[in-house]
$ cat coords-v5.txt   # compact mmCIF, C-alpha atoms
# COMPACT_ATOMS: atom_id res chain seq x y z
CA MET A 1 101.31 145.65 90.44
CA TYR A 2 101.05 147.85 87.33
CA PRO A 3 99.93 146.26 84.03
CA GLU A 4 103.43 146.40 82.50
CA GLU A 5 104.93 144.78 85.61
CA LEU A 6 102.24 142.08 85.52
CA ILE A 7 102.98 141.33 81.86
CA ASP A 8 106.73 141.20 82.54
CA ALA A 9 106.24 138.91 85.55
CA ARG A 10 104.04 136.55 83.53
CA ARG A 11 106.48 136.60 80.62
CA ARG A 12 109.39 135.67 82.92
CA ALA A 13 107.28 132.94 84.53
CA ALA A 14 106.29 131.59 81.11
CA TRP A 15 109.88 131.43 79.87
CA GLY A 16 111.09 129.87 83.11
CA SER A 17 108.30 127.30 83.07
CA ALA A 18 108.91 126.45 79.42
CA ALA A 19 112.63 125.94 80.03
CA PHE A 20 111.94 123.74 83.06
CA LEU A 21 109.31 121.75 81.12
CA VAL A 22 111.93 120.86 78.52
CA VAL A 23 114.72 120.09 80.98
CA GLY A 24 112.80 118.40 83.84
CA PRO A 25 109.75 116.53 82.54
CA GLY A 26 111.29 116.46 79.05
CA SER A 27 114.16 114.39 80.41
CA VAL A 28 111.90 112.09 82.43
CA THR A 29 109.35 111.47 79.66
CA GLY A 30 111.49 111.96 76.57
CA LEU A 31 115.25 111.66 76.97
CA VAL A 32 115.38 108.69 79.36
CA PRO A 33 112.73 106.67 77.46
CA TRP A 34 114.63 107.35 74.24
CA LEU A 35 117.92 106.24 75.83
CA LEU A 36 116.22 103.06 77.03
CA THR A 37 114.46 102.20 73.75
CA ARG A 38 115.78 104.41 70.93
CA TRP A 39 112.02 104.52 70.13
CA ARG A 40 112.19 101.00 68.72
CA ALA A 41 108.99 99.02 69.02
CA ARG A 42 109.15 95.40 70.03
CA ARG A 43 107.79 93.18 67.28
CA PRO A 44 105.13 92.10 67.67
CA VAL A 45 103.97 94.68 70.18
CA PRO A 46 102.23 92.89 73.08
CA GLY A 47 98.54 93.69 72.87
CA GLY A 48 98.87 94.71 69.23
CA VAL A 49 97.16 97.74 67.76
CA PRO A 50 94.71 98.19 70.68
CA ALA A 51 97.64 98.51 73.12
CA GLN A 52 99.36 100.96 70.79
CA LEU A 53 96.21 103.06 70.44
CA LEU A 54 95.75 103.12 74.21
CA GLY A 55 99.42 104.05 74.64
CA THR A 56 99.09 106.87 72.12
CA ALA A 57 95.99 108.19 73.89
CA MET A 58 97.81 108.05 77.25
CA ILE A 59 100.76 110.00 75.85
CA LEU A 60 98.47 112.66 74.40
CA VAL A 61 96.34 113.00 77.57
CA GLY A 62 99.44 113.06 79.79
CA GLY A 63 101.12 115.65 77.57
CA ALA A 64 98.03 117.86 77.60
CA ALA A 65 97.67 117.58 81.38
CA LEU A 66 101.35 118.34 81.90
CA THR A 67 101.25 121.38 79.64
CA ARG A 68 98.08 122.70 81.28
CA SER A 69 99.61 122.19 84.74
CA PHE A 70 102.59 124.31 83.77
CA ALA A 71 100.30 126.96 82.29
CA HIS A 72 98.38 127.21 85.58
CA PHE A 73 101.63 128.00 87.40
CA VAL A 74 102.15 130.95 85.08
CA ILE A 75 98.57 132.20 84.87
CA ALA A 76 97.18 131.54 88.35
CA GLY A 77 100.36 131.35 90.40
CA MET A 78 102.49 134.04 88.74
CA GLY A 79 105.50 131.75 88.97
CA THR A 80 107.04 128.48 87.87
CA PRO A 81 107.25 124.91 89.18
CA VAL A 82 110.99 125.53 89.68
CA PRO A 83 111.76 125.78 93.42
CA GLY A 84 113.99 128.82 92.79
CA ALA A 85 111.13 130.77 91.15
CA PRO A 86 107.98 129.53 92.92
CA PRO A 87 104.49 130.91 92.40
CA SER A 88 103.44 133.84 94.52
CA LYS A 89 99.94 132.36 94.88
CA LEU A 90 98.87 128.81 95.69
CA VAL A 91 97.77 127.17 92.44
CA VAL A 92 94.36 125.55 92.95
CA THR A 93 92.83 126.00 89.48
CA GLY A 94 92.25 123.65 86.57
CA VAL A 95 93.54 120.13 87.11
CA TYR A 96 94.85 121.19 90.54
CA ARG A 97 91.22 121.18 91.69
CA HIS A 98 91.25 117.40 91.18
CA VAL A 99 94.73 116.35 92.32
CA ARG A 100 97.61 118.09 94.12
CA ASN A 101 100.39 116.68 91.96
CA PRO A 102 99.10 116.45 88.39
CA MET A 103 102.53 116.83 86.80
CA TYR A 104 103.87 113.64 88.32
CA GLY A 105 100.71 111.74 87.34
CA ALA A 106 100.86 113.12 83.80
CA MET A 107 104.47 112.04 83.44
CA GLN A 108 103.58 108.53 84.63
CA LEU A 109 100.76 108.39 82.11
CA MET A 110 103.16 109.38 79.34
CA ILE A 111 105.83 106.82 80.28
CA ILE A 112 103.33 103.96 80.59
CA GLY A 113 101.77 105.09 77.31
CA GLN A 114 105.18 104.80 75.66
CA ALA A 115 105.61 101.33 77.15
CA LEU A 116 102.31 100.26 75.59
CA LEU A 117 103.00 101.97 72.27
CA LEU A 118 106.47 100.46 71.89
CA GLY A 119 105.89 97.20 73.77
CA GLN A 120 109.03 97.90 75.78
CA SER A 121 108.88 96.44 79.30
CA ARG A 122 111.95 98.41 80.41
CA LEU A 123 109.76 101.51 80.33
CA TYR A 124 107.57 99.98 83.06
CA VAL A 125 110.72 99.67 85.16
CA TRP A 126 111.58 103.32 84.41
CA SER A 127 108.01 104.29 85.33
CA SER A 128 108.51 102.68 88.75
CA VAL A 129 111.76 104.58 89.31
CA ALA A 130 110.20 107.82 88.08
CA ALA A 131 107.27 107.29 90.50
CA ALA A 132 109.45 106.45 93.51
CA LEU A 133 111.37 109.72 93.44
CA PRO A 134 108.37 112.06 93.82
CA ALA A 135 106.74 109.61 96.25
CA ALA A 136 109.61 110.39 98.61
CA TYR A 137 110.26 114.01 97.64
CA VAL A 138 106.70 115.36 97.82
CA PRO A 139 105.85 114.52 101.46
CA LEU A 140 109.37 115.05 102.80
CA ARG A 141 110.33 118.28 101.05
CA GLU A 142 107.73 119.83 98.76
CA GLU A 143 104.73 119.74 101.10
CA PRO A 144 106.55 121.19 104.13
CA VAL A 145 107.81 124.08 101.98
CA LEU A 146 104.31 124.76 100.64
CA ARG A 147 102.83 124.49 104.14
CA GLU A 148 105.33 127.05 105.41
CA ARG A 149 104.76 129.36 102.45
CA PHE A 150 100.94 129.24 102.24
CA GLY A 151 99.90 128.12 105.75
CA GLU A 152 96.24 127.38 106.42
CA GLU A 153 95.31 127.89 102.77
CA TYR A 154 97.57 124.95 101.84
CA ASP A 155 96.38 122.83 104.77
CA ARG A 156 92.76 123.30 103.67
CA TYR A 157 93.72 122.41 100.12
CA CYS A 158 95.45 119.21 101.34
CA ARG A 159 92.38 118.23 103.35
CA ASN A 160 90.20 118.48 100.26
CA VAL A 161 92.35 117.43 97.30
CA PRO A 162 94.21 114.10 97.19
CA ARG A 163 97.96 113.93 96.64
CA TRP A 164 98.09 111.33 93.83
CA LEU A 165 94.74 109.95 92.69
CA PRO A 166 92.37 112.59 91.29
CA ARG A 167 88.99 113.25 92.83
CA LEU A 168 86.14 113.03 90.34
CA ARG A 169 84.49 116.34 91.18
CA PRO A 170 86.62 119.47 91.20
CA TRP A 171 87.23 121.09 94.56
CA HIS A 172 86.07 124.68 94.93
CA GLN A 173 87.91 126.86 97.40
CA ASP A 174 84.93 128.92 98.48
$ encode --input "coords-v5.txt" --output "structure tokens"
Amino acid sequence: MYPEELIDARRRAAWGSAAFLVVGPGSVTGLVPWLLTRWRARRPVPGGVPAQLLGTAMILVGGAALTRSFAHFVIAGMGTPVPGAPPSKLVVTGVYRHVRNPMYGAMQLMIIGQALLLGQSRLYVWSSVAAALPAAYVPLREEPVLRERFGEEYDRYCRNVPRWLPRLRPWHQD
């Protein structure tokens, strides 16, 4: 691929990823929690200021992990997380060296962080719903597609990197 084509491909991937980040995870971690709470904190917030500080930290860490995960799709994978515009390379860099599905984990962290920050128990219920959907989708649809697309490279990745709970030491392909 020529340098101009590479830049254009990355630019398209970046715009597609950014749009999907707003529509997909933005709905799960922003729109739905807002509809459920209108961002109103329960008074007093259970756990007080320590719970709110922990919730804030969880939102920030989850947001950073989610953003970095999307960036790795663009930079390392030359594609997007959108099934219609998938990466051309298997993404096994950054946080993907610790866990296969960091986006779903990051979104959970953000929703639970909001529940702690606002003291809203309905967000724990939403977190459970938001976790159940990928728990079914990933093994039944996403993994078979990736296995077909990337073959042995993906199988080796699956053998070494857990699906949901991160490994402490990053996995190195070579």
$ residues_around --input "coords-v5.txt" --residues "Ile111 of chain A" --least-positions-apart "4" --cutoff "8 Å" --atoms "only C-alpha atoms" --output "list in words"
Thr29, Pro33, Ile59, Met107, Ala115, Leu123, Tyr124, Trp126 and Ser127 of chain A
$ residues_around --input "coords-v5.txt" --residues "segment 146-155 of chain A" --least-positions-apart "6" --cutoff "12 Å" --atoms "all atoms listed in the file" --output "PyMOL selection string"
chain A and resi 81+83+86-92+100+138-140+161-162+173-174
$ write_last_selection --input "coords-v5.txt" --atoms "C-alpha atoms" --output "compact mmCIF listing (two decimals), keeping the file's coordinate frame"
# COMPACT_ATOMS: atom_id res chain seq x y z
CA PRO A 81 107.25 124.91 89.18
CA PRO A 83 111.76 125.78 93.42
CA PRO A 86 107.98 129.53 92.92
CA PRO A 87 104.49 130.91 92.40
CA SER A 88 103.44 133.84 94.52
CA LYS A 89 99.94 132.36 94.88
CA LEU A 90 98.87 128.81 95.69
CA VAL A 91 97.77 127.17 92.44
CA VAL A 92 94.36 125.55 92.95
CA ARG A 100 97.61 118.09 94.12
CA VAL A 138 106.70 115.36 97.82
CA PRO A 139 105.85 114.52 101.46
CA LEU A 140 109.37 115.05 102.80
CA VAL A 161 92.35 117.43 97.30
CA PRO A 162 94.21 114.10 97.19
CA GLN A 173 87.91 126.86 97.40
CA ASP A 174 84.93 128.92 98.48
$ closest_residue --input "coords-v5.txt" --among "A:Val45, A:Val99, A:Ala135, A:Ala85" --to "Leu165 of chain A" --atoms "only C-alpha atoms"
A:Val99
$ residues_around --input "coords-v5.txt" --residues "Gly84 of chain A" --least-positions-apart "5" --cutoff "12 Å" --atoms "all atoms listed in the file" --output "mmCIF file with C-alpha atoms, in the frame of the given file"
data_model
loop_
_atom_site.group_PDB
_atom_site.id
_atom_site.type_symbol
_atom_site.label_atom_id
_atom_site.label_comp_id
_atom_site.auth_asym_id
_atom_site.auth_seq_id
_atom_site.Cartn_x
_atom_site.Cartn_y
_atom_site.Cartn_z
ATOM 1 C CA ALA A 13 107.280 132.940 84.530
ATOM 2 C CA GLY A 16 111.090 129.870 83.110
ATOM 3 C CA SER A 17 108.300 127.300 83.070
ATOM 4 C CA PHE A 20 111.940 123.740 83.060
ATOM 5 C CA GLY A 79 105.500 131.750 88.970
#
$ closest_residue --input "coords-v5.txt" --among "A:Gln108, A:Ser128, A:Gln114, A:Ser121" --to "Trp164 of chain A" --atoms "only C-alpha atoms"
A:Gln108
$ closest_residue --input "coords-v5.txt" --among "A:Leu118, A:Trp171, A:Gly47, A:Leu60" --to "Thr93 of chain A" --atoms "only C-alpha atoms"
A:Trp171
$ residues_near_point --input "coords-v5.txt" --point "(107.4, 98.9, 68.5)" --cutoff "7 Å" --atoms "all atoms listed in the file" --output "VMD selection string"
chain A and resid 40 to 43 45 117 to 119
$ atom_distance --input "coords-v5.txt" --atom1 "atom CA of Arg167 of chain A" --atom2 "atom CA of Thr80 of chain A"
24.1 Å
$ closest_residue --input "coords-v5.txt" --among "A:Thr56, A:Glu4, A:Ala65, A:Pro25" --to "His98 of chain A" --atoms "only C-alpha atoms"
A:Ala65
$ closest_residue --input "coords-v5.txt" --among "A:Pro102, A:Gly30, A:Ala76, A:Thr37" --to "Ala64 of chain A" --atoms "all atoms listed in the file"
A:Pro102
$ atom_distance --input "coords-v5.txt" --atom1 "atom CA of Leu35 of chain A" --atom2 "atom CA of Gly48 of chain A"
23.2 Å
$ decode --input "coords-v5.txt" --residues "segment 11-56 of chain A" --atoms "N, CA and C atoms" --output "mmCIF file, in the first residue's frame"
data_model
loop_
_atom_site.group_PDB
_atom_site.id
_atom_site.type_symbol
_atom_site.label_atom_id
_atom_site.label_comp_id
_atom_site.auth_asym_id
_atom_site.auth_seq_id
_atom_site.Cartn_x
_atom_site.Cartn_y
_atom_site.Cartn_z
ATOM 1 N N ARG A 11 -7.427 7.137 7.961
ATOM 2 C CA ARG A 11 -8.372 8.233 8.187
ATOM 3 C C ARG A 11 -9.809 7.698 8.160
ATOM 4 N N ARG A 12 -10.121 6.866 7.172
ATOM 5 C CA ARG A 12 -11.469 6.277 7.101
ATOM 6 C C ARG A 12 -11.751 5.421 8.336
ATOM 7 N N ALA A 13 -10.754 4.627 8.742
ATOM 8 C CA ALA A 13 -10.916 3.783 9.930
ATOM 9 C C ALA A 13 -11.118 4.641 11.172
ATOM 10 N N ALA A 14 -10.398 5.734 11.283
ATOM 11 C CA ALA A 14 -10.527 6.620 12.444
ATOM 12 C C ALA A 14 -11.919 7.248 12.508
ATOM 13 N N TRP A 15 -12.402 7.739 11.373
ATOM 14 C CA TRP A 15 -13.736 8.343 11.359
ATOM 15 C C TRP A 15 -14.820 7.300 11.640
ATOM 16 N N GLY A 16 -14.687 6.126 11.049
ATOM 17 C CA GLY A 16 -15.660 5.065 11.298
ATOM 18 C C GLY A 16 -15.656 4.622 12.749
ATOM 19 N N SER A 17 -14.475 4.491 13.319
ATOM 20 C CA SER A 17 -14.365 4.095 14.726
ATOM 21 C C SER A 17 -14.935 5.161 15.645
ATOM 22 N N ALA A 18 -14.641 6.416 15.359
ATOM 23 C CA ALA A 18 -15.151 7.505 16.185
ATOM 24 C C ALA A 18 -16.679 7.551 16.153
ATOM 25 N N ALA A 19 -17.244 7.385 14.964
ATOM 26 C CA ALA A 19 -18.709 7.390 14.843
ATOM 27 C C ALA A 19 -19.315 6.226 15.619
ATOM 28 N N PHE A 20 -18.704 5.044 15.490
ATOM 29 C CA PHE A 20 -19.230 3.879 16.208
ATOM 30 C C PHE A 20 -19.061 4.044 17.713
ATOM 31 N N LEU A 21 -17.972 4.646 18.153
ATOM 32 C CA LEU A 21 -17.741 4.880 19.586
ATOM 33 C C LEU A 21 -18.875 5.723 20.170
ATOM 34 N N VAL A 22 -19.290 6.733 19.442
ATOM 35 C CA VAL A 22 -20.369 7.600 19.918
ATOM 36 C C VAL A 22 -21.703 6.855 19.916
ATOM 37 N N VAL A 23 -21.998 6.154 18.831
ATOM 38 C CA VAL A 23 -23.297 5.504 18.695
ATOM 39 C C VAL A 23 -23.407 4.237 19.556
ATOM 40 N N GLY A 24 -22.409 3.345 19.492
ATOM 41 C CA GLY A 24 -22.477 2.072 20.211
ATOM 42 C C GLY A 24 -22.196 2.233 21.695
ATOM 43 N N PRO A 25 -20.922 2.270 22.080
ATOM 44 C CA PRO A 25 -20.591 2.426 23.497
ATOM 45 C C PRO A 25 -21.145 3.713 24.108
ATOM 46 N N GLY A 26 -21.273 4.775 23.310
ATOM 47 C CA GLY A 26 -21.854 6.008 23.832
ATOM 48 C C GLY A 26 -23.286 5.817 24.299
ATOM 49 N N SER A 27 -24.027 4.992 23.583
ATOM 50 C CA SER A 27 -25.399 4.687 23.995
ATOM 51 C C SER A 27 -25.420 3.824 25.250
ATOM 52 N N VAL A 28 -24.563 2.825 25.279
ATOM 53 C CA VAL A 28 -24.533 1.879 26.404
ATOM 54 C C VAL A 28 -24.059 2.545 27.693
ATOM 55 N N THR A 29 -23.035 3.404 27.585
ATOM 56 C CA THR A 29 -22.452 3.997 28.791
ATOM 57 C C THR A 29 -22.896 5.431 29.048
ATOM 58 N N GLY A 30 -23.572 6.039 28.107
ATOM 59 C CA GLY A 30 -24.004 7.422 28.281
ATOM 60 C C GLY A 30 -25.504 7.609 28.190
ATOM 61 N N LEU A 31 -26.063 7.303 27.022
ATOM 62 C CA LEU A 31 -27.485 7.566 26.797
ATOM 63 C C LEU A 31 -28.384 6.760 27.741
ATOM 64 N N VAL A 32 -28.194 5.443 27.793
ATOM 65 C CA VAL A 32 -29.065 4.617 28.643
ATOM 66 C C VAL A 32 -28.911 4.990 30.122
ATOM 67 N N PRO A 33 -27.679 5.132 30.647
ATOM 68 C CA PRO A 33 -27.576 5.577 32.044
ATOM 69 C C PRO A 33 -28.252 6.934 32.303
ATOM 70 N N TRP A 34 -28.146 7.834 31.348
ATOM 71 C CA TRP A 34 -28.821 9.126 31.513
ATOM 72 C C TRP A 34 -30.338 8.938 31.533
ATOM 73 N N LEU A 35 -30.863 8.113 30.622
ATOM 74 C CA LEU A 35 -32.311 7.870 30.602
ATOM 75 C C LEU A 35 -32.782 7.241 31.913
ATOM 76 N N LEU A 36 -31.943 6.403 32.500
ATOM 77 C CA LEU A 36 -32.311 5.732 33.753
ATOM 78 C C LEU A 36 -32.198 6.643 34.973
ATOM 79 N N THR A 37 -31.306 7.629 34.934
ATOM 80 C CA THR A 37 -31.017 8.417 36.137
ATOM 81 C C THR A 37 -31.160 9.921 35.967
ATOM 82 N N ARG A 38 -31.140 10.391 34.724
ATOM 83 C CA ARG A 38 -31.071 11.832 34.433
ATOM 84 C C ARG A 38 -29.894 12.471 35.168
ATOM 85 N N TRP A 39 -28.879 11.649 35.477
ATOM 86 C CA TRP A 39 -27.652 12.040 36.184
ATOM 87 C C TRP A 39 -27.950 12.608 37.573
ATOM 88 N N ARG A 40 -29.044 12.183 38.162
ATOM 89 C CA ARG A 40 -29.365 12.632 39.521
ATOM 90 C C ARG A 40 -28.759 11.657 40.522
ATOM 91 N N ALA A 41 -28.047 12.221 41.476
ATOM 92 C CA ALA A 41 -27.454 11.398 42.530
ATOM 93 C C ALA A 41 -28.477 11.174 43.637
ATOM 94 N N ARG A 42 -28.467 9.958 44.143
ATOM 95 C CA ARG A 42 -29.297 9.637 45.299
ATOM 96 C C ARG A 42 -28.691 10.347 46.500
ATOM 97 N N ARG A 43 -29.505 10.882 47.357
ATOM 98 C CA ARG A 43 -29.005 11.582 48.538
ATOM 99 C C ARG A 43 -29.465 10.874 49.795
ATOM 100 N N PRO A 44 -28.609 10.527 50.687
ATOM 101 C CA PRO A 44 -27.161 10.546 50.511
ATOM 102 C C PRO A 44 -26.719 9.393 49.620
ATOM 103 N N VAL A 45 -25.591 9.574 48.971
ATOM 104 C CA VAL A 45 -25.041 8.519 48.123
ATOM 105 C C VAL A 45 -24.518 7.407 49.020
ATOM 106 N N PRO A 46 -24.967 6.158 48.828
ATOM 107 C CA PRO A 46 -24.435 5.057 49.630
ATOM 108 C C PRO A 46 -22.911 4.972 49.494
ATOM 109 N N GLY A 47 -22.244 4.910 50.621
ATOM 110 C CA GLY A 47 -20.784 4.859 50.602
ATOM 111 C C GLY A 47 -20.147 6.226 50.635
ATOM 112 N N GLY A 48 -20.946 7.277 50.465
ATOM 113 C CA GLY A 48 -20.468 8.641 50.568
ATOM 114 C C GLY A 48 -19.394 9.014 49.567
ATOM 115 N N VAL A 49 -18.548 9.928 49.973
ATOM 116 C CA VAL A 49 -17.498 10.459 49.109
ATOM 117 C C VAL A 49 -16.536 9.368 48.639
ATOM 118 N N PRO A 50 -16.129 8.409 49.502
ATOM 119 C CA PRO A 50 -15.229 7.357 48.990
ATOM 120 C C PRO A 50 -15.831 6.580 47.818
ATOM 121 N N ALA A 51 -17.124 6.260 47.889
ATOM 122 C CA ALA A 51 -17.779 5.545 46.781
ATOM 123 C C ALA A 51 -17.802 6.421 45.541
ATOM 124 N N GLN A 52 -18.049 7.709 45.711
ATOM 125 C CA GLN A 52 -18.088 8.612 44.561
ATOM 126 C C GLN A 52 -16.706 8.774 43.934
ATOM 127 N N LEU A 53 -15.671 8.829 44.758
ATOM 128 C CA LEU A 53 -14.309 8.921 44.227
ATOM 129 C C LEU A 53 -13.932 7.650 43.466
ATOM 130 N N LEU A 54 -14.283 6.499 44.034
ATOM 131 C CA LEU A 54 -14.023 5.232 43.355
ATOM 132 C C LEU A 54 -14.795 5.176 42.037
ATOM 133 N N GLY A 55 -16.053 5.588 42.064
ATOM 134 C CA GLY A 55 -16.866 5.605 40.844
ATOM 135 C C GLY A 55 -16.270 6.513 39.782
ATOM 136 N N THR A 56 -15.803 7.672 40.192
ATOM 137 C CA THR A 56 -15.178 8.604 39.246
ATOM 138 C C THR A 56 -13.931 7.981 38.632
#
